[in-house]
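Below is one structure, written out as structure tokens, with a few remarks after it.
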Amino acid sequence: MSKTIAITGAGDGLGRALARRFAREGHRIVLINRTLAKAEAVAAELGEPHFAVQADVGDPESVRAAFAEIGRRVPKLDVLINNAGIFQPFRLDKAEDDLVQRMIATNLTGTIWVSREAVPLLKADDSHPGGLIVNVTSESSHIKMPRLWLYAATKVAVEYMGEEWAKELAADKIRVTTVRAGQMMDETKTGSTWPIEDAMEFMQENLKVGIDMRARGISHYNSAADAIAAVVNLPADIHMNYVGLNSRAY
């Protein structure tokens with residue numbers, strides 16, 4: 001049966017791969033992205049009935065406006081995938097105000113704002129059996145990687161929130177699943193977007209504690225999208241609380 005699936009951070013990366021994957025299955029995709037043009041490009045590639053909505057997930061008013069538009073266009077959501085995130089390492093004494101605030105707003109509070117606004121569309125009623133929230137987190141939540149303390153902390157918090165939300169929302173027949181993912185990329189990601197000195201320091205500091213980033217597995221976005229699709233396509237009477245995706249090193 002066709003589902004309506006909303007995805008944050010849908011303009012590129014894993015979000016775009018998820019949109020393509022679910023569209024091939026015949027589901028309707030709501031592409032939510034901070035930069036509208038990126039989401040519109042994916043929506044145009046997928047064609048009708050998929051559509052793009054602009055939202056800065058870290059801004060609650062922007063999220064409210066986005067879901068008001070979504071609510072006007074679709075009566076219900078079957079799935080929300082909280083995928084948007086900011087990933088960058090830094091030292092405490094070099095923590096820039098804007099980066100710290102944006103990372104917390106996007107990775108942590110953004111997950112709250114989006115999920116809160118989606119709940120009315122995910123709730124079970126006479127015409128809807130109830131929906132699913134998928135929170136995408138990171139292996140760094142349990143692998144202590146130097147310089148990633150804030151990113152990892154936001155993901156730990158999201159994992160904890162997901163456990164509690166599953167209990168809170170059970171009466172509304174909304175399931176919540178955490179997908180903890182490893183490193184991934186695709187052919188469009190040719191290298192790090194971090195300043196070169198930050199990238200080098202990140203590699204060196206991880207080597208000091210026995211983590212060789214060059215030797216760690218890297219999966220393809222499409223492979224992760226396939227795994228998440230398997231979660232989304234589980235029968236409604238199955239609740240998978242947590243899934244760990246490990247990128248294999250060959």
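By convention here, the chains of the structure tokens are called A, B, ... in the order presented, each chain's residues are numbered starting at 1, and ligands are numbered starting at 1 in the order presented.
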Original post:
Which of stretch 5-203 of chain A counts as helix (DSSP H, G or I) under DSSP, as a PyMOL selection string please?
Top reply: chain A and resi 13-24+36-46+60-73+92-94+97-122+139-141+149-168+170-172+196-203
**OP:** Excluding stretch 141-149 of chain A and any residue of its chain fewer than 5 positions from it, enumerate the residues within 12 Å of it, using only C-alpha atoms, and give them as a count of residues only.
**Re:** 44
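Taking atom CA of A:Val63 and atom CA of A:Glu139 as endpoints, the distance between them is 27.1 Å.
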**OP:** Can you pull out every residue within 10 Å of A:Val119, counting only C-alpha atoms, but drop anything in the same chain fewer than 3 positions away, and send it as a ChimeraX atom specification?
**Re:** /A:76-77,80,114-116,122-124,130-133,169,172,174
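DSSP, applied to the backbone of this structure, assigns strand (DSSP E or B) to the following residues of stretch 34-160 of chain A: Phe51, Ala52, Val53, Gln54, Val79, Leu80, Ile81, Asn82, Asp125, His128, Leu132, Ile133, Val134, Asn135, Val136, Thr137 and Ser138 of chain A.
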Original post:
If you count only C-alpha atoms, which residues fall within 9 Å of A:Glu163, apart from same-chain ones fewer than 6 positions away, as number ranges by chain?
Top reply: A: 176-178, 241-242
Those same residues, written as a compact mmCIF listing (two decimals), in the first residue's frame with N, CA and C atoms?
# COMPACT_ATOMS: atom_id res chain seq x y z
N VAL A 176 8.19 4.64 16.99
CA VAL A 176 9.41 5.44 16.87
C VAL A 176 10.60 4.49 16.80
N THR A 177 11.40 4.65 15.76
CA THR A 177 12.58 3.82 15.56
C THR A 177 13.82 4.69 15.42
N THR A 178 14.87 4.31 16.12
CA THR A 178 16.19 4.95 15.96
C THR A 178 17.00 4.10 14.99
N ASN A 241 12.51 -0.89 17.84
CA ASN A 241 12.94 0.29 18.58
C ASN A 241 14.26 0.87 18.06
N TYR A 242 15.18 -0.04 17.69
CA TYR A 242 16.52 0.42 17.37
C TYR A 242 17.14 -0.46 16.30
**OP:** Compile the contact shell of A:Phe22 as a VMD selection string: residues with an atom at most 12 Å away, counting only C-alpha atoms, same-chain residues fewer than 2 positions apart removed.
**Re:** chain A and resid 2 to 7 15 to 20 24 to 31 46 50 79 81 222 225 to 230 232 to 233
Please produce a file of those selected residues containing C-alpha atoms, as a PDB file, in the first residue's frame.
ATOM      1  CA  SER A   2       1.296   3.448  -0.921  1.00  0.00           C
ATOM      2  CA  LYS A   3       2.520   5.614   1.964  1.00  0.00           C
ATOM      3  CA  THR A   4       3.072   9.342   2.381  1.00  0.00           C
ATOM      4  CA  ILE A   5       6.615   9.839   3.670  1.00  0.00           C
ATOM      5  CA  ALA A   6       8.147  13.123   4.857  1.00  0.00           C
ATOM      6  CA  ILE A   7      11.948  13.377   4.884  1.00  0.00           C
ATOM      7  CA  GLY A  15      17.758  12.258   2.314  1.00  0.00           C
ATOM      8  CA  ARG A  16      17.833  12.342  -1.482  1.00  0.00           C
ATOM      9  CA  ALA A  17      18.672   8.622  -1.644  1.00  0.00           C
ATOM     10  CA  LEU A  18      15.723   7.867   0.629  1.00  0.00           C
ATOM     11  CA  ALA A  19      13.383   9.980  -1.499  1.00  0.00           C
ATOM     12  CA  ARG A  20      14.464   8.173  -4.657  1.00  0.00           C
ATOM     13  CA  ARG A  24      10.496   3.834  -6.792  1.00  0.00           C
ATOM     14  CA  GLU A  25       8.244   1.826  -4.470  1.00  0.00           C
ATOM     15  CA  GLY A  26       5.298   4.032  -5.343  1.00  0.00           C
ATOM     16  CA  HIS A  27       5.163   6.082  -2.149  1.00  0.00           C
ATOM     17  CA  ARG A  28       4.436   9.821  -2.087  1.00  0.00           C
ATOM     18  CA  ILE A  29       7.397  11.859  -0.827  1.00  0.00           C
ATOM     19  CA  VAL A  30       7.313  15.195   0.995  1.00  0.00           C
ATOM     20  CA  LEU A  31      10.824  16.634   0.654  1.00  0.00           C
ATOM     21  CA  LEU A  46      10.779  12.309  -9.119  1.00  0.00           C
ATOM     22  CA  HIS A  50       6.004  14.325  -4.844  1.00  0.00           C
ATOM     23  CA  VAL A  79       6.227   8.086   7.999  1.00  0.00           C
ATOM     24  CA  ILE A  81      12.230  10.495   8.718  1.00  0.00           C
ATOM     25  CA  ASN A 222      21.672   3.871  -1.443  1.00  0.00           C
ATOM     26  CA  ALA A 225      18.352   3.850   2.166  1.00  0.00           C
ATOM     27  CA  ASP A 226      17.588   0.202   1.406  1.00  0.00           C
ATOM     28  CA  ALA A 227      18.106  -0.698   5.070  1.00  0.00           C
ATOM     29  CA  ILE A 228      15.849   2.127   6.275  1.00  0.00           C
ATOM     30  CA  ALA A 229      13.228   1.116   3.714  1.00  0.00           C
ATOM     31  CA  ALA A 230      13.216  -2.365   5.247  1.00  0.00           C
ATOM     32  CA  VAL A 232       9.633   1.404   7.117  1.00  0.00           C
ATOM     33  CA  ASN A 233       8.102  -1.570   5.324  1.00  0.00           C
TER      34      ASN A 233
END
**OP:** Please provide as a PyMOL selection string all residues within 9 Å of A:Thr111, with the sequence filter that same-chain residues fewer than 3 positions apart are discarded (counting only C-alpha atoms).
**Re:** chain A and resi 57-58+82-84+105-108+114-116+135+158
Subject >> For A:Ala41: contacts at 10 Å, only C-alpha atoms, fewer than 6 positions along chain excluded, given as number ranges by chain >> reply: A: 11-12, 47, 51-52
Keeping only C-alpha atoms, write the selected residues as an mmCIF file, in the first residue's frame.
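In the end it all went to again-v3.cif:
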data_model
loop_
_atom_site.group_PDB
_atom_site.id
_atom_site.type_symbol
_atom_site.label_atom_id
_atom_site.label_comp_id
_atom_site.auth_asym_id
_atom_site.auth_seq_id
_atom_site.Cartn_x
_atom_site.Cartn_y
_atom_site.Cartn_z
ATOM 1 C CA GLY A 11 17.898 17.870 -0.892
ATOM 2 C CA ASP A 12 20.993 15.678 -1.074
ATOM 3 C CA GLY A 47 7.737 14.001 -10.691
ATOM 4 C CA PHE A 51 6.570 17.879 -3.611
ATOM 5 C CA ALA A 52 9.117 20.050 -1.801
#
